[in-house]
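Okay, data.cif is below, mmCIF, C-alpha atoms, pLDDT in the B column; chains and numbers go by the auth columns:
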```
data_input
#
loop_
_atom_site.group_PDB
_atom_site.id
_atom_site.type_symbol
_atom_site.label_atom_id
_atom_site.label_comp_id
_atom_site.label_asym_id
_atom_site.label_seq_id
_atom_site.Cartn_x
_atom_site.Cartn_y
_atom_site.Cartn_z
_atom_site.B_iso_or_equiv
_atom_site.auth_seq_id
_atom_site.auth_asym_id
ATOM 1 C CA MET A 1 17.761 17.709 -9.811 62.00 31 A
ATOM 2 C CA SER A 2 20.907 18.895 -8.067 83.00 32 A
ATOM 3 C CA VAL A 3 22.892 16.405 -6.019 85.00 33 A
ATOM 4 C CA LEU A 4 25.829 16.577 -3.623 87.00 34 A
ATOM 5 C CA TYR A 5 27.503 13.319 -2.639 90.00 35 A
ATOM 6 C CA ALA A 6 30.802 11.744 -1.641 91.00 36 A
ATOM 7 C CA LEU A 7 32.182 8.211 -1.907 92.00 37 A
ATOM 8 C CA TYR A 8 33.795 6.406 1.002 93.00 38 A
ATOM 9 C CA SER A 9 35.675 3.123 1.360 91.00 39 A
ATOM 10 C CA GLU A 10 35.044 2.394 5.028 91.00 40 A
ATOM 11 C CA PRO A 11 31.780 2.296 7.011 91.00 41 A
ATOM 12 C CA ASP A 12 33.408 4.253 9.858 92.00 42 A
ATOM 13 C CA GLU A 13 33.927 7.184 7.478 91.00 43 A
ATOM 14 C CA VAL A 14 30.304 6.899 6.379 91.00 44 A
ATOM 15 C CA GLN A 15 29.061 7.064 9.975 91.00 45 A
ATOM 16 C CA LYS A 16 31.162 10.190 10.585 92.00 46 A
ATOM 17 C CA ALA A 17 29.811 11.786 7.384 91.00 47 A
ATOM 18 C CA VAL A 18 26.191 11.014 8.321 92.00 48 A
ATOM 19 C CA ASP A 19 26.736 12.441 11.820 92.00 49 A
ATOM 20 C CA SER A 20 28.355 15.558 10.300 92.00 50 A
ATOM 21 C CA LEU A 21 25.417 16.020 7.907 92.00 51 A
ATOM 22 C CA ARG A 22 22.998 15.860 10.856 91.00 52 A
ATOM 23 C CA LYS A 23 25.067 18.465 12.719 92.00 53 A
ATOM 24 C CA ALA A 24 25.037 20.660 9.601 90.00 54 A
ATOM 25 C CA GLY A 25 21.222 20.735 9.784 89.00 55 A
ATOM 26 C CA VAL A 26 20.339 18.275 7.037 89.00 56 A
ATOM 27 C CA PRO A 27 17.061 16.479 7.898 88.00 57 A
ATOM 28 C CA GLU A 28 17.410 12.726 8.483 86.00 58 A
ATOM 29 C CA LYS A 29 15.089 11.793 5.607 86.00 59 A
ATOM 30 C CA GLU A 30 17.162 13.730 3.058 88.00 60 A
ATOM 31 C CA ILE A 31 20.418 11.868 3.763 90.00 61 A
ATOM 32 C CA VAL A 32 20.984 9.075 1.244 89.00 62 A
ATOM 33 C CA VAL A 33 23.366 6.169 1.917 90.00 63 A
ATOM 34 C CA ILE A 34 23.886 3.581 -0.847 90.00 64 A
ATOM 35 C CA SER A 35 26.095 0.510 -0.486 91.00 65 A
ATOM 36 C CA SER A 36 26.601 -2.606 -2.585 90.00 66 A
ATOM 37 C CA GLU A 37 26.321 -4.791 0.519 90.00 67 A
ATOM 38 C CA PRO A 38 24.447 -4.547 3.822 86.00 68 A
ATOM 39 C CA ILE A 39 26.292 -2.843 6.666 86.00 69 A
ATOM 40 C CA GLU A 40 24.062 -3.641 9.624 85.00 70 A
ATOM 41 C CA GLU A 41 26.436 -3.023 12.510 88.00 71 A
ATOM 42 C CA TYR A 42 26.388 0.762 12.047 86.00 72 A
ATOM 43 C CA GLU A 43 23.681 3.177 13.185 85.00 73 A
ATOM 44 C CA PHE A 44 23.124 4.751 9.756 82.00 74 A
ATOM 45 C CA SER A 45 21.847 1.442 8.354 81.00 75 A
ATOM 46 C CA HIS A 46 18.938 1.213 10.815 79.00 76 A
ATOM 47 C CA ARG A 47 17.081 4.346 9.746 76.00 77 A
ATOM 48 C CA ASP A 48 14.520 2.796 7.389 69.00 78 A
ATOM 49 C CA LYS A 49 13.875 -0.588 8.945 68.00 79 A
ATOM 50 C CA ALA A 50 10.149 -0.243 9.770 76.00 80 A
ATOM 51 C CA THR A 51 8.011 -1.779 7.043 83.00 81 A
ATOM 52 C CA TRP A 52 4.460 -2.948 6.465 89.00 82 A
ATOM 53 C CA LEU A 53 5.522 -5.624 3.984 91.00 83 A
ATOM 54 C CA TYR A 54 4.757 -8.551 6.320 93.00 84 A
ATOM 55 C CA TRP A 55 1.236 -7.307 6.958 95.00 85 A
ATOM 56 C CA ILE A 56 0.608 -6.591 3.280 96.00 86 A
ATOM 57 C CA ALA A 57 1.865 -10.042 2.231 96.00 87 A
ATOM 58 C CA GLY A 58 -0.266 -11.652 4.954 97.00 88 A
ATOM 59 C CA GLY A 59 -3.294 -9.670 3.793 98.00 89 A
ATOM 60 C CA GLY A 60 -2.679 -10.758 0.200 98.00 90 A
ATOM 61 C CA GLY A 61 -2.454 -14.361 1.385 98.00 91 A
ATOM 62 C CA ALA A 62 -5.694 -14.024 3.354 98.00 92 A
ATOM 63 C CA LEU A 63 -7.449 -12.579 0.294 98.00 93 A
ATOM 64 C CA GLY A 64 -6.060 -15.426 -1.810 98.00 94 A
ATOM 65 C CA LEU A 65 -7.337 -17.977 0.713 98.00 95 A
ATOM 66 C CA ALA A 66 -10.772 -16.373 0.786 98.00 96 A
ATOM 67 C CA PHE A 67 -10.922 -16.298 -3.012 98.00 97 A
ATOM 68 C CA GLY A 68 -9.720 -19.922 -3.250 98.00 98 A
ATOM 69 C CA THR A 69 -12.342 -21.068 -0.767 97.00 99 A
ATOM 70 C CA TRP A 70 -15.092 -19.170 -2.574 98.00 100 A
ATOM 71 C CA LEU A 71 -13.967 -20.381 -6.014 97.00 101 A
ATOM 72 C CA THR A 72 -13.804 -24.067 -5.169 96.00 102 A
ATOM 73 C CA ARG A 73 -17.022 -24.089 -3.145 96.00 103 A
ATOM 74 C CA MET A 74 -19.040 -22.100 -5.688 96.00 104 A
ATOM 75 C CA THR A 75 -17.711 -24.205 -8.578 95.00 105 A
ATOM 76 C CA GLU A 76 -18.804 -27.427 -6.887 93.00 106 A
ATOM 77 C CA LEU A 77 -22.202 -25.984 -5.964 94.00 107 A
ATOM 78 C CA ALA A 78 -22.780 -24.590 -9.461 95.00 108 A
ATOM 79 C CA TRP A 79 -22.266 -28.050 -11.056 92.00 109 A
ATOM 80 C CA PRO A 80 -23.230 -30.565 -8.383 89.00 110 A
ATOM 81 C CA LEU A 81 -22.094 -34.078 -9.203 86.00 111 A
ATOM 82 C CA GLN A 82 -23.757 -36.809 -7.198 84.00 112 A
ATOM 83 C CA THR A 83 -21.087 -39.276 -6.132 83.00 113 A
ATOM 84 C CA GLY A 84 -22.810 -42.000 -4.149 85.00 114 A
ATOM 85 C CA GLY A 85 -23.970 -40.118 -1.071 83.00 115 A
ATOM 86 C CA MET A 86 -20.690 -38.195 -0.563 87.00 116 A
ATOM 87 C CA PRO A 87 -20.862 -34.441 0.070 88.00 117 A
ATOM 88 C CA ILE A 88 -20.982 -32.098 -2.916 89.00 118 A
ATOM 89 C CA VAL A 89 -18.283 -29.836 -1.472 90.00 119 A
ATOM 90 C CA SER A 90 -15.207 -31.933 -0.793 89.00 120 A
ATOM 91 C CA TRP A 91 -12.596 -30.058 1.252 92.00 121 A
ATOM 92 C CA TRP A 92 -9.552 -32.320 0.867 92.00 122 A
ATOM 93 C CA PRO A 93 -9.147 -31.818 -2.900 91.00 123 A
ATOM 94 C CA ASN A 94 -10.101 -28.153 -2.501 95.00 124 A
ATOM 95 C CA LEU A 95 -7.141 -27.560 -0.151 97.00 125 A
ATOM 96 C CA ILE A 96 -4.748 -27.792 -3.099 97.00 126 A
ATOM 97 C CA VAL A 97 -6.422 -24.951 -4.983 97.00 127 A
ATOM 98 C CA MET A 98 -6.895 -22.945 -1.788 98.00 128 A
ATOM 99 C CA PHE A 99 -3.200 -23.298 -0.905 98.00 129 A
ATOM 100 C CA GLU A 100 -2.053 -22.266 -4.369 98.00 130 A
ATOM 101 C CA LEU A 101 -4.297 -19.189 -4.408 98.00 131 A
ATOM 102 C CA THR A 102 -3.133 -18.274 -0.894 98.00 132 A
ATOM 103 C CA MET A 103 0.496 -18.318 -2.077 98.00 133 A
ATOM 104 C CA LEU A 104 -0.389 -16.438 -5.265 98.00 134 A
ATOM 105 C CA GLY A 105 -2.131 -13.713 -3.240 98.00 135 A
ATOM 106 C CA GLY A 106 0.833 -13.345 -0.886 98.00 136 A
ATOM 107 C CA ILE A 107 3.371 -13.277 -3.713 98.00 137 A
ATOM 108 C CA LEU A 108 1.438 -10.768 -5.821 98.00 138 A
ATOM 109 C CA ALA A 109 0.904 -8.484 -2.813 98.00 139 A
ATOM 110 C CA THR A 110 4.640 -8.619 -2.045 97.00 140 A
ATOM 111 C CA VAL A 111 5.704 -7.861 -5.622 97.00 141 A
ATOM 112 C CA VAL A 112 3.250 -4.967 -5.994 96.00 142 A
ATOM 113 C CA THR A 113 4.408 -3.541 -2.648 95.00 143 A
ATOM 114 C CA LEU A 114 8.033 -3.863 -3.755 93.00 144 A
ATOM 115 C CA PHE A 115 7.341 -1.948 -6.974 92.00 145 A
ATOM 116 C CA ILE A 116 5.453 0.782 -5.137 91.00 146 A
ATOM 117 C CA THR A 117 8.018 1.263 -2.349 86.00 147 A
ATOM 118 C CA ALA A 118 10.971 1.125 -4.774 83.00 148 A
ATOM 119 C CA LYS A 119 9.158 3.585 -7.073 83.00 149 A
ATOM 120 C CA ILE A 120 9.555 1.314 -10.090 87.00 150 A
ATOM 121 C CA PRO A 121 9.188 2.436 -12.850 86.00 151 A
ATOM 122 C CA THR A 122 10.331 6.020 -12.399 80.00 152 A
ATOM 123 C CA ARG A 123 11.372 8.790 -14.709 75.00 153 A
ATOM 124 C CA GLU A 124 13.556 10.535 -12.154 72.00 154 A
ATOM 125 C CA ASN A 125 17.337 10.263 -12.233 68.00 155 A
ATOM 126 C CA ALA A 126 18.227 8.412 -9.073 73.00 156 A
ATOM 127 C CA LEU A 127 21.239 9.320 -6.978 83.00 157 A
ATOM 128 C CA TYR A 128 23.835 6.720 -7.950 85.00 158 A
ATOM 129 C CA ASP A 129 27.476 6.342 -8.915 87.00 159 A
ATOM 130 C CA VAL A 130 29.031 3.313 -10.635 89.00 160 A
ATOM 131 C CA ALA A 131 31.757 3.217 -7.964 90.00 161 A
ATOM 132 C CA VAL A 132 29.130 1.789 -5.577 90.00 162 A
ATOM 133 C CA SER A 133 29.290 -1.421 -7.632 90.00 163 A
ATOM 134 C CA ASP A 134 33.037 -1.584 -6.937 91.00 164 A
ATOM 135 C CA GLY A 135 32.579 -1.518 -3.157 90.00 165 A
ATOM 136 C CA LYS A 136 32.427 2.209 -2.416 91.00 166 A
ATOM 137 C CA ILE A 137 29.708 3.643 -0.167 92.00 167 A
ATOM 138 C CA LEU A 138 27.812 6.722 -1.351 92.00 168 A
ATOM 139 C CA VAL A 139 26.599 9.377 1.086 91.00 169 A
ATOM 140 C CA GLY A 140 24.712 12.318 -0.339 90.00 170 A
ATOM 141 C CA VAL A 141 21.818 14.715 -0.383 90.00 171 A
ATOM 142 C CA GLU A 142 19.344 15.116 -3.241 86.00 172 A
ATOM 143 C CA SER A 143 18.128 18.639 -4.022 81.00 173 A
ATOM 144 C CA PRO A 144 19.980 20.439 -1.209 84.00 174 A
ATOM 145 C CA THR A 145 18.799 23.921 -0.303 84.00 175 A
ATOM 146 C CA GLU A 146 21.197 26.777 -1.017 83.00 176 A
ATOM 147 C CA GLY A 147 21.509 27.614 2.681 84.00 177 A
ATOM 148 C CA LEU A 148 22.734 24.100 3.521 85.00 178 A
ATOM 149 C CA ARG A 149 24.957 23.620 0.476 85.00 179 A
ATOM 150 C CA ALA A 150 28.194 24.871 2.100 86.00 180 A
ATOM 151 C CA GLY A 151 27.504 22.903 5.289 87.00 181 A
ATOM 152 C CA ILE A 152 26.908 19.747 3.271 88.00 182 A
ATOM 153 C CA GLN A 153 30.180 20.172 1.392 87.00 183 A
ATOM 154 C CA ASN A 154 32.081 20.640 4.659 86.00 184 A
ATOM 155 C CA ALA A 155 30.339 17.661 6.285 87.00 185 A
ATOM 156 C CA LEU A 156 31.128 15.331 3.380 88.00 186 A
ATOM 157 C CA GLY A 157 34.730 16.526 3.079 82.00 187 A
ATOM 158 C CA ALA A 158 35.327 19.289 0.557 63.00 188 A
ATOM 159 C CA GLY A 159 37.845 17.313 -1.507 66.00 189 A
ATOM 160 C CA ARG A 160 35.485 14.377 -2.047 75.00 190 A
ATOM 161 C CA VAL A 161 32.216 16.082 -2.941 78.00 191 A
ATOM 162 C CA VAL A 162 30.723 15.415 -6.348 80.00 192 A
ATOM 163 C CA SER A 163 28.102 17.868 -7.537 76.00 193 A
ATOM 164 C CA ARG A 164 25.603 17.163 -10.307 75.00 194 A
#
```

Re-express the file's structure as structure tokens.
Amino acid sequence: MSVLYALYSEPDEVQKAVDSLRKAGVPEKEIVVISSEPIEEYEFSHRDKATWLYWIAGGGGALGLAFGTWLTRMTELAWPLQTGGMPIVSWWPNLIVMFELTMLGGILATVVTLFITAKIPTRENALYDVAVSDGKILVGVESPTEGLRAGIQNALGAGRVVSR
């Protein structure tokens, strides 16, 4: 996998580089920006904010609640214990198990979604530089086409571009 990227110290420089890459004809989805901390006040950080994670976690919780309700009710009906005229299915003690399975369903759905969206585990070499850990901000393009290569180098600043 070929990669072109540059490292910047300031978010203003990153915004200029992202705008230059767009002007050079690089599609929005191919521009990669990696930072060690969130930079939410700039436009480039709002590209990938839409997510289904809330709905997936809620669905996992709903499935957990349904399973918890079914499990406790069916367990009590499978082994009915007569307790002096009280109902066989007792909801107050069942709420504990139902709550725990609701949380388990939501948590498992969230973790599985995280692994899928983060593509963990992967065998690909991800675009990364250790300078990002020291506070630098990486802007790059993975697998650039030959026609855009010169434009990408000019947009990122020819003296800064790292090619792998």

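Nearest-residue note for Gln183 (chain A): choosing from A:Ala156, A:Ile126, A:Leu111, A:Val171, the minimum distance belongs to A:Val171, counting only C-alpha atoms.
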
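Here the PyMOL selection byres ((chain A and resi 164) around 12) matches the residues Leu37, Tyr38, Ser39, Ser65, Ser66, Glu67, Asp159, Val160, Ala161, Val162, Ser163, Gly165, Lys166, Ile167 and Leu168 of chain A.
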
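Remark: for Thr140 (chain A), the closest of the candidate residues A:Ile64, A:Thr81, A:Ser32, A:Glu58 is A:Thr81 (distances computed over all atoms listed in the file).
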
Spatial neighbours of Trp122 (chain A), 12 Å, all atoms listed in the file, chain gap at least 6 places, as a count of residues only: 5

Selected by the PyMOL selection byres ((chain A and resi 51) around 9) in the shown coordinates: which residues, as a compact mmCIF listing (two decimals) with C-alpha atoms, in the frame of the given file?
```txt
# COMPACT_ATOMS: atom_id res chain seq x y z
CA LYS A 46 31.16 10.19 10.58
CA ALA A 47 29.81 11.79 7.38
CA VAL A 48 26.19 11.01 8.32
CA ASP A 49 26.74 12.44 11.82
CA SER A 50 28.36 15.56 10.30
CA ARG A 52 23.00 15.86 10.86
CA LYS A 53 25.07 18.46 12.72
CA ALA A 54 25.04 20.66 9.60
CA GLY A 55 21.22 20.74 9.78
CA VAL A 56 20.34 18.27 7.04
CA PRO A 57 17.06 16.48 7.90
CA GLU A 58 17.41 12.73 8.48
CA ILE A 61 20.42 11.87 3.76
CA GLY A 181 27.50 22.90 5.29
CA ILE A 182 26.91 19.75 3.27
CA ASN A 184 32.08 20.64 4.66
CA ALA A 185 30.34 17.66 6.28
CA LEU A 186 31.13 15.33 3.38
```

Å distance separating CA of Val192 (chain A) from CA of His76 (chain A), one decimal place: 25.2 Å

Spatial neighbours of Thr105 (chain A), max dist 12 Å, all atoms listed in the file, sep filter under 3 positions, as a ChimeraX atom specification: /A:97-102,108-111,118-120,124,127

With C-alpha atoms retained, write the just-selected residues as a compact mmCIF listing (two decimals), in the frame of the given file.
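This is the output file selection.txt:
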```txt
# COMPACT_ATOMS: atom_id res chain seq x y z
CA PHE A 97 -10.92 -16.30 -3.01
CA GLY A 98 -9.72 -19.92 -3.25
CA THR A 99 -12.34 -21.07 -0.77
CA TRP A 100 -15.09 -19.17 -2.57
CA LEU A 101 -13.97 -20.38 -6.01
CA THR A 102 -13.80 -24.07 -5.17
CA ALA A 108 -22.78 -24.59 -9.46
CA TRP A 109 -22.27 -28.05 -11.06
CA PRO A 110 -23.23 -30.56 -8.38
CA LEU A 111 -22.09 -34.08 -9.20
CA ILE A 118 -20.98 -32.10 -2.92
CA VAL A 119 -18.28 -29.84 -1.47
CA SER A 120 -15.21 -31.93 -0.79
CA ASN A 124 -10.10 -28.15 -2.50
CA VAL A 127 -6.42 -24.95 -4.98
```

Residue nearest Leu95 (chain A) - candidates A:Ala180, A:Leu107, A:Ile146, A:Met133, atoms counted: only C-alpha atoms: A:Met133

Closest of A:Leu134, A:Leu157, A:Ile150, A:Leu144 to Gly91 (chain A) - atom-to-atom distances counting only C-alpha atoms: A:Leu134

Within-6 Å shell of (21.5, 12.3, 0.5) in input frame, all atoms listed in the file, as a PyMOL selection string: chain A and resi 60-62+169-172

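Picture a line from CA of Val141 (chain A) to CA of Ala80 (chain A); it runs 17.7 Å.
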
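Our summary of the geometry notes that CA of Gly90 (chain A) is positioned 17.4 Å from CA of Leu125 (chain A).
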
Expected residue set, 7 Å radius at (27.2, 2.0, 9.6), only C-alpha atoms, as a PyMOL selection string: chain A and resi 41-42+44-45+69-75
